[in-house]
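Encoded as structure tokens, the structure appears first; notes follow it.
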Amino acid sequence: MPEIFVIAGPASPDLADRVAKGLGAHLVATELRVFSDGESKIKIDKMGKNCVIVQSTYPPADTHLMQALMMAIRCADGAHDVCAVIPYLAYARQDRAFLEGEVVSIALVAKLLQSAGVRHVITVDIHSKLAMSHFASVQNVSSIPLLAEYASRMMLCRPIAVSPDAGGADRAKEFAKHSKIDALVLKKSRDRTTGEVKVDEKLDIDVSGRDALLVDDMISSGGSIVKAAEVLHNRGAGKVYAMCAHALLIGDAAQKIKAAGVQDIIATNSVPGEYAKVDLSPAIVEVVKSRYSSA
Ligand code: R5P
């Protein structure tokens with residue numbers, strides 16, 4: 001493998017450290033100054049020919065994205081390859097124009113990263129395949145094996161993996177396959193104008209007395225998990241847990257989720273914090289290694 005420099009983004013210093021250790025690469029710190037108007041200034045002193053930037057773009061998404069772009073343009077000035085590890089890729093949900101006139105934001109994010117010098121993006125549990133299609137070179141890492149491994153150490157009663165909506169069906173099925181348990185997909189609908197979420201109470205599998213693991217790519221307002229947990233409880237489920245790659249948990253989302261009877265929130269360190277219980281670095285190290293060993 002060539003010499004790699006892992007650049008620790010201000011949003012992901014711990015993850016970058018773990019990735020650098022796993023790769024046996026140099027860890028480079030970024031010097032960040034945030035001005036009173038919210039603008040960031042980034043300084044990176046040392047870098048090499050192969051730079052791996054690690055910066056998750058969780059909220060404040062625009063700030064973290066801008067910092068990633070700054071890191072990229074700095075690295076591209078001298079590096080031969082710039083790869084960006086962006087576990088939570090902001091704007092991936094806006095992968096199409098849902099309503100006429102809407103901007104496809106993820107397409108813009110892809111263009112910005114590319115023009116800042118990023119040749120390859122590595123992300124985690126991206127919202128959709130369509131979001132990926134806007135990038136020239138992108139790889140999606142699944143956090144499901146790591147989440148399933150964590151769940152295998154929990155004391156659960158006849159567990160069932162549950163997707164809060166049809167869009168997450170493959171994720172819950174992959175989780176169920178890893179854990180050798182059943183999968184259930186809830187039927188959720190969201191009003192595109194008001195944002196109101198509804199979940200059909202009719203379920204395809206009897207969940208009574210069974211512990212449920214709600215598996216999602218991300219938890220933002222918590223609305224999807226709260227609705228799903230309510231339906232599962234109404235149908236007699238046992239303990240309900242929420243598992244996801246990206247626990248954005250905006251505002252009082254965590255409190256709302258707990259108030260809805262969810263025992264715990266288990267997330268990865270894509271977003272640092274008290275729910276970051278699963279380390280993504282082994283999966284990221286593996287894909288970075290394969291990128292550089294095949295180069
Ligand atoms: C939706 O399709 C996603 O997979 C998540 O379920 C959703 O974005 C979570 O958002 P919130 O927590 O605001 O319901």
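Convention: chains lettered A, B, ... in structure tokens order; per-chain residue numbering from 1; ligands numbered from 1 as shown.
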Inset, instruction - Check region 231-295 of chain A with DSSP on the backbone and list each residue it calls helix (DSSP H, G or I), as JSON, numbers by chain. - result: {"A": [231, 232, 233, 234, 253, 254, 255, 256, 257, 258, 259, 281, 282, 283, 284, 285, 286, 287, 288, 289, 290, 291, 292, 293]}
Can you spit out the residues from that selection as an mmCIF file, in the first residue's frame, using N, CA, C and O atoms?
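This went into selection06.cif:
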```
data_model
loop_
_atom_site.group_PDB
_atom_site.id
_atom_site.type_symbol
_atom_site.label_atom_id
_atom_site.label_comp_id
_atom_site.auth_asym_id
_atom_site.auth_seq_id
_atom_site.Cartn_x
_atom_site.Cartn_y
_atom_site.Cartn_z
ATOM 1 N N VAL A 231 -46.783 1.998 16.606
ATOM 2 C CA VAL A 231 -47.493 0.898 15.945
ATOM 3 C C VAL A 231 -47.051 -0.447 16.538
ATOM 4 O O VAL A 231 -47.879 -1.308 16.848
ATOM 5 N N LEU A 232 -45.745 -0.619 16.732
ATOM 6 C CA LEU A 232 -45.235 -1.889 17.278
ATOM 7 C C LEU A 232 -45.791 -2.141 18.680
ATOM 8 O O LEU A 232 -46.199 -3.255 19.010
ATOM 9 N N HIS A 233 -45.823 -1.085 19.498
ATOM 10 C CA HIS A 233 -46.384 -1.237 20.847
ATOM 11 C C HIS A 233 -47.875 -1.567 20.773
ATOM 12 O O HIS A 233 -48.354 -2.445 21.497
ATOM 13 N N ASN A 234 -48.582 -0.859 19.876
ATOM 14 C CA ASN A 234 -50.024 -1.131 19.732
ATOM 15 C C ASN A 234 -50.280 -2.584 19.332
ATOM 16 O O ASN A 234 -51.319 -3.141 19.656
ATOM 17 N N ALA A 253 -35.252 15.088 19.681
ATOM 18 C CA ALA A 253 -35.621 13.816 19.044
ATOM 19 C C ALA A 253 -35.375 12.615 19.968
ATOM 20 O O ALA A 253 -36.231 11.720 20.072
ATOM 21 N N ALA A 254 -34.226 12.607 20.643
ATOM 22 C CA ALA A 254 -33.896 11.457 21.503
ATOM 23 C C ALA A 254 -34.934 11.322 22.623
ATOM 24 O O ALA A 254 -35.400 10.215 22.923
ATOM 25 N N GLN A 255 -35.324 12.441 23.215
ATOM 26 C CA GLN A 255 -36.319 12.419 24.296
ATOM 27 C C GLN A 255 -37.657 11.922 23.763
ATOM 28 O O GLN A 255 -38.336 11.123 24.413
ATOM 29 N N LYS A 256 -38.031 12.373 22.564
ATOM 30 C CA LYS A 256 -39.316 11.954 21.986
ATOM 31 C C LYS A 256 -39.307 10.450 21.724
ATOM 32 O O LYS A 256 -40.296 9.757 21.938
ATOM 33 N N ILE A 257 -38.159 9.963 21.273
ATOM 34 C CA ILE A 257 -38.037 8.529 20.970
ATOM 35 C C ILE A 257 -38.144 7.712 22.266
ATOM 36 O O ILE A 257 -38.844 6.704 22.334
ATOM 37 N N LYS A 258 -37.464 8.174 23.294
ATOM 38 C CA LYS A 258 -37.522 7.463 24.586
ATOM 39 C C LYS A 258 -38.946 7.530 25.146
ATOM 40 O O LYS A 258 -39.458 6.547 25.686
ATOM 41 N N ALA A 259 -39.582 8.708 24.987
ATOM 42 C CA ALA A 259 -40.957 8.861 25.493
ATOM 43 C C ALA A 259 -41.926 7.951 24.747
ATOM 44 O O ALA A 259 -42.981 7.592 25.279
ATOM 45 N N SER A 281 -14.969 2.329 11.874
ATOM 46 C CA SER A 281 -13.633 2.332 11.263
ATOM 47 C C SER A 281 -13.222 0.990 10.641
ATOM 48 O O SER A 281 -12.612 1.010 9.568
ATOM 49 N N PRO A 282 -13.578 -0.178 11.225
ATOM 50 C CA PRO A 282 -13.128 -1.412 10.553
ATOM 51 C C PRO A 282 -13.647 -1.516 9.114
ATOM 52 O O PRO A 282 -12.911 -1.916 8.205
ATOM 53 N N ALA A 283 -14.908 -1.125 8.900
ATOM 54 C CA ALA A 283 -15.486 -1.221 7.556
ATOM 55 C C ALA A 283 -14.866 -0.182 6.616
ATOM 56 O O ALA A 283 -14.616 -0.464 5.440
ATOM 57 N N ILE A 284 -14.577 0.995 7.146
ATOM 58 C CA ILE A 284 -13.980 2.050 6.306
ATOM 59 C C ILE A 284 -12.539 1.680 5.929
ATOM 60 O O ILE A 284 -12.123 1.819 4.776
ATOM 61 N N VAL A 285 -11.815 1.171 6.921
ATOM 62 C CA VAL A 285 -10.418 0.773 6.671
ATOM 63 C C VAL A 285 -10.359 -0.259 5.546
ATOM 64 O O VAL A 285 -9.527 -0.166 4.634
ATOM 65 N N GLU A 286 -11.281 -1.197 5.591
ATOM 66 C CA GLU A 286 -11.300 -2.250 4.571
ATOM 67 C C GLU A 286 -11.449 -1.666 3.152
ATOM 68 O O GLU A 286 -10.700 -2.033 2.246
ATOM 69 N N VAL A 287 -12.378 -0.731 2.971
ATOM 70 C CA VAL A 287 -12.572 -0.194 1.611
ATOM 71 C C VAL A 287 -11.420 0.731 1.192
ATOM 72 O O VAL A 287 -11.026 0.732 0.029
ATOM 73 N N VAL A 288 -10.873 1.472 2.151
ATOM 74 C CA VAL A 288 -9.739 2.341 1.798
ATOM 75 C C VAL A 288 -8.553 1.466 1.388
ATOM 76 O O VAL A 288 -7.879 1.722 0.384
ATOM 77 N N LYS A 289 -8.335 0.395 2.148
ATOM 78 C CA LYS A 289 -7.219 -0.517 1.832
ATOM 79 C C LYS A 289 -7.388 -1.079 0.433
ATOM 80 O O LYS A 289 -6.453 -1.117 -0.351
ATOM 81 N N SER A 290 -8.611 -1.526 0.113
ATOM 82 C CA SER A 290 -8.785 -2.148 -1.197
ATOM 83 C C SER A 290 -8.631 -1.116 -2.315
ATOM 84 O O SER A 290 -8.130 -1.427 -3.382
ATOM 85 N N ARG A 291 -8.985 0.135 -2.039
ATOM 86 C CA ARG A 291 -8.794 1.181 -3.065
ATOM 87 C C ARG A 291 -7.317 1.357 -3.369
ATOM 88 O O ARG A 291 -6.918 1.414 -4.520
ATOM 89 N N TYR A 292 -6.509 1.439 -2.299
ATOM 90 C CA TYR A 292 -5.088 1.722 -2.538
ATOM 91 C C TYR A 292 -4.277 0.480 -2.890
ATOM 92 O O TYR A 292 -3.254 0.596 -3.556
ATOM 93 N N SER A 293 -4.746 -0.698 -2.454
ATOM 94 C CA SER A 293 -3.941 -1.861 -2.835
ATOM 95 C C SER A 293 -4.201 -2.251 -4.290
ATOM 96 O O SER A 293 -3.361 -2.873 -4.924
#
```
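Residues within 9 Å of Asn140 (chain A), counting only C-alpha atoms and excluding same-chain residues fewer than 5 positions away, are Pro87, Val121, Ile122, Thr123, Val124, Asp125, Ile126 and Met132 of chain A.
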Legend entry - Environment of ligand 1 within 10 Å, counting only C-alpha atoms and all ligand atoms, reported as an MDAnalysis selection string: chainID A and resid 92:93 125:128 163:169 171 188:190 195:197 215:228 244 246:250 253:254 257
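With CA of Met154 (chain A) on one side and CA of Val262 (chain A) on the other, the separation reads 14.7 Å.
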Inset, instruction - Go through A:Val138, A:Ala110, A:Val240, A:Ala116 and flag the residue nearest Pro159 (chain A), using only C-alpha atoms for the distances. - result: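 Closest residue, counting only C-alpha atoms: A:Val240.
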Inset, instruction - For each of A:Leu280, A:Leu156, A:Ala161, A:Ile205, take the minimum atom-to-atom distance to Ala16 (chain A), counting only C-alpha atoms, then give the residue where this is smallest. - result: A:Leu280
Inset, instruction - Return the single residue from A:Ala25, A:Ile265, A:Ala176, A:Ile4 that is closest to Gly48 (chain A), with distances computed using only C-alpha atoms. - result: A:Ile4
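Shortest atom-to-atom contact with Gly38 (chain A) among A:Asp14, A:Asp62, A:Asp182, A:Asp279: A:Asp62, counting only C-alpha atoms.
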Inset, instruction - For Leu69 (chain A), list every protein, DNA or RNA residue within 10 Å, evaluated using only C-alpha atoms, and leave out those in the same chain fewer than 6 positions away; present the list as a VMD selection string. - result: chain A and resid 53 55 63 75 84 109 112 to 118
Inset, instruction - Rank A:Ser56, A:Ser36, A:Gln263, A:Asn50 by their smallest atom-to-atom distance to Met1 (chain A), using only C-alpha atoms, and report the top residue only. - result: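 Smallest separation from Met1 (chain A) among the options: A:Asn50.
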Legend entry - Distance criterion (only C-alpha atoms): nearest to Asp170 (chain A) out of A:Ala90, A:Ala183, A:Asp200, A:Pro60: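 Of all the options, A:Ala183 lies closest to Asp170 (chain A).
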Legend entry - Residue list (strand (DSSP E or B), DSSP) for region 43-205 of chain A, as a PyMOL selection string: chain A and resi 43+50-54+81-86+120-124+138-141+160-163+182-185+188-190+197-199
Would you save the residues from that selection as a compact mmCIF listing (two decimals), in the first residue's frame, using N, CA, C and O atoms?
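Dumped to part.txt:
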```
# COMPACT_ATOMS: atom_id res chain seq x y z
N LYS A 43 -6.73 25.18 8.24
CA LYS A 43 -5.29 25.16 7.93
C LYS A 43 -4.81 23.73 8.08
O LYS A 43 -5.09 23.08 9.09
N ASN A 50 -1.19 10.80 -1.19
CA ASN A 50 -2.52 10.19 -1.09
C ASN A 50 -3.20 10.68 0.18
O ASN A 50 -2.77 10.35 1.28
N CYS A 51 -4.23 11.48 0.00
CA CYS A 51 -4.92 12.06 1.16
C CYS A 51 -6.31 11.44 1.31
O CYS A 51 -7.08 11.39 0.34
N VAL A 52 -6.60 11.01 2.53
CA VAL A 52 -7.95 10.51 2.84
C VAL A 52 -8.54 11.47 3.87
O VAL A 52 -8.10 11.52 5.02
N ILE A 53 -9.51 12.24 3.42
CA ILE A 53 -10.18 13.20 4.30
C ILE A 53 -11.29 12.47 5.04
O ILE A 53 -12.04 11.73 4.41
N VAL A 54 -11.42 12.67 6.33
CA VAL A 54 -12.54 12.06 7.07
C VAL A 54 -13.38 13.19 7.67
O VAL A 54 -12.91 13.92 8.55
N ASP A 81 -3.86 11.96 -5.15
CA ASP A 81 -5.19 11.38 -5.00
C ASP A 81 -5.85 11.93 -3.73
O ASP A 81 -5.24 11.94 -2.67
N VAL A 82 -7.07 12.39 -3.88
CA VAL A 82 -7.84 12.85 -2.70
C VAL A 82 -9.11 12.02 -2.63
O VAL A 82 -9.93 12.03 -3.56
N CYS A 83 -9.23 11.30 -1.52
CA CYS A 83 -10.42 10.47 -1.32
C CYS A 83 -11.14 11.04 -0.09
O CYS A 83 -10.50 11.38 0.90
N ALA A 84 -12.44 11.20 -0.18
CA ALA A 84 -13.18 11.78 0.96
C ALA A 84 -14.06 10.72 1.60
O ALA A 84 -14.92 10.14 0.93
N VAL A 85 -13.83 10.47 2.88
CA VAL A 85 -14.70 9.57 3.64
C VAL A 85 -15.74 10.48 4.32
O VAL A 85 -15.40 11.27 5.20
N ILE A 86 -16.98 10.38 3.86
CA ILE A 86 -18.05 11.23 4.39
C ILE A 86 -19.16 10.30 4.85
O ILE A 86 -20.11 10.02 4.10
N HIS A 120 -12.68 10.46 -5.25
CA HIS A 120 -13.50 9.31 -4.86
C HIS A 120 -14.15 9.60 -3.51
O HIS A 120 -13.50 10.14 -2.62
N VAL A 121 -15.41 9.23 -3.39
CA VAL A 121 -16.13 9.44 -2.12
C VAL A 121 -16.48 8.08 -1.52
O VAL A 121 -16.95 7.18 -2.22
N ILE A 122 -16.22 7.95 -0.23
CA ILE A 122 -16.65 6.75 0.50
C ILE A 122 -17.68 7.22 1.52
O ILE A 122 -17.40 8.11 2.34
N THR A 123 -18.87 6.66 1.45
CA THR A 123 -19.91 7.07 2.38
C THR A 123 -20.49 5.83 3.06
O THR A 123 -20.11 4.71 2.75
N VAL A 124 -21.39 6.06 4.00
CA VAL A 124 -21.95 4.95 4.77
C VAL A 124 -23.47 5.00 4.69
O VAL A 124 -24.08 6.05 4.94
N VAL A 138 -18.01 6.77 -6.39
CA VAL A 138 -18.50 6.71 -5.01
C VAL A 138 -18.66 5.26 -4.58
O VAL A 138 -18.92 4.38 -5.41
N GLN A 139 -18.44 5.02 -3.31
CA GLN A 139 -18.58 3.68 -2.76
C GLN A 139 -19.41 3.79 -1.49
O GLN A 139 -19.15 4.69 -0.67
N ASN A 140 -20.37 2.91 -1.35
CA ASN A 140 -21.22 2.94 -0.15
C ASN A 140 -20.85 1.77 0.76
O ASN A 140 -20.82 0.63 0.32
N VAL A 141 -20.57 2.09 2.01
CA VAL A 141 -20.23 1.06 2.99
C VAL A 141 -21.46 0.79 3.83
O VAL A 141 -22.12 1.73 4.28
N ILE A 160 -37.00 -9.30 16.05
CA ILE A 160 -37.42 -9.12 14.67
C ILE A 160 -36.85 -7.77 14.19
O ILE A 160 -36.85 -6.79 14.94
N ALA A 161 -36.28 -7.77 12.97
CA ALA A 161 -35.76 -6.52 12.41
C ALA A 161 -36.89 -5.81 11.68
O ALA A 161 -37.60 -6.43 10.89
N VAL A 162 -37.05 -4.53 11.97
CA VAL A 162 -38.19 -3.80 11.40
C VAL A 162 -37.71 -2.55 10.66
O VAL A 162 -36.94 -1.75 11.21
N SER A 163 -38.16 -2.42 9.42
CA SER A 163 -37.88 -1.18 8.70
C SER A 163 -39.07 -0.24 8.89
O SER A 163 -40.22 -0.66 8.70
N ASP A 182 -36.30 -12.70 11.60
CA ASP A 182 -37.30 -12.25 10.63
C ASP A 182 -37.15 -10.75 10.35
O ASP A 182 -36.63 -10.00 11.18
N ALA A 183 -37.69 -10.35 9.20
CA ALA A 183 -37.72 -8.91 8.87
C ALA A 183 -39.16 -8.51 8.60
O ALA A 183 -39.94 -9.27 8.02
N LEU A 184 -39.48 -7.31 9.03
CA LEU A 184 -40.82 -6.77 8.81
C LEU A 184 -40.67 -5.35 8.25
O LEU A 184 -39.83 -4.58 8.72
N VAL A 185 -41.46 -5.04 7.24
CA VAL A 185 -41.39 -3.71 6.64
C VAL A 185 -42.71 -2.97 6.92
O VAL A 185 -43.78 -3.46 6.53
N LYS A 188 -45.10 3.17 5.63
CA LYS A 188 -45.13 4.57 6.08
C LYS A 188 -45.44 5.49 4.91
O LYS A 188 -45.00 5.25 3.80
N SER A 189 -46.18 6.54 5.19
CA SER A 189 -46.36 7.55 4.15
C SER A 189 -46.12 8.92 4.77
O SER A 189 -46.36 9.13 5.95
N ARG A 190 -45.55 9.81 3.96
CA ARG A 190 -45.23 11.16 4.45
C ARG A 190 -45.84 12.18 3.51
O ARG A 190 -45.68 12.08 2.29
N VAL A 197 -46.25 12.24 9.04
CA VAL A 197 -45.93 10.83 8.79
C VAL A 197 -47.06 9.94 9.31
O VAL A 197 -47.56 10.16 10.42
N LYS A 198 -47.45 8.92 8.51
CA LYS A 198 -48.47 7.96 8.96
C LYS A 198 -47.92 6.56 8.75
O LYS A 198 -47.23 6.30 7.76
N VAL A 199 -48.25 5.62 9.66
CA VAL A 199 -47.82 4.23 9.49
C VAL A 199 -49.04 3.33 9.60
O VAL A 199 -49.84 3.45 10.54
```
Inset, instruction - For CA of Met243 (chain A) and CA of Arg210 (chain A), quote the distance in Å rounded to one decimal. - result: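 Atom-to-atom, CA of Met243 (chain A) and CA of Arg210 (chain A) are spaced 16.3 Å apart.
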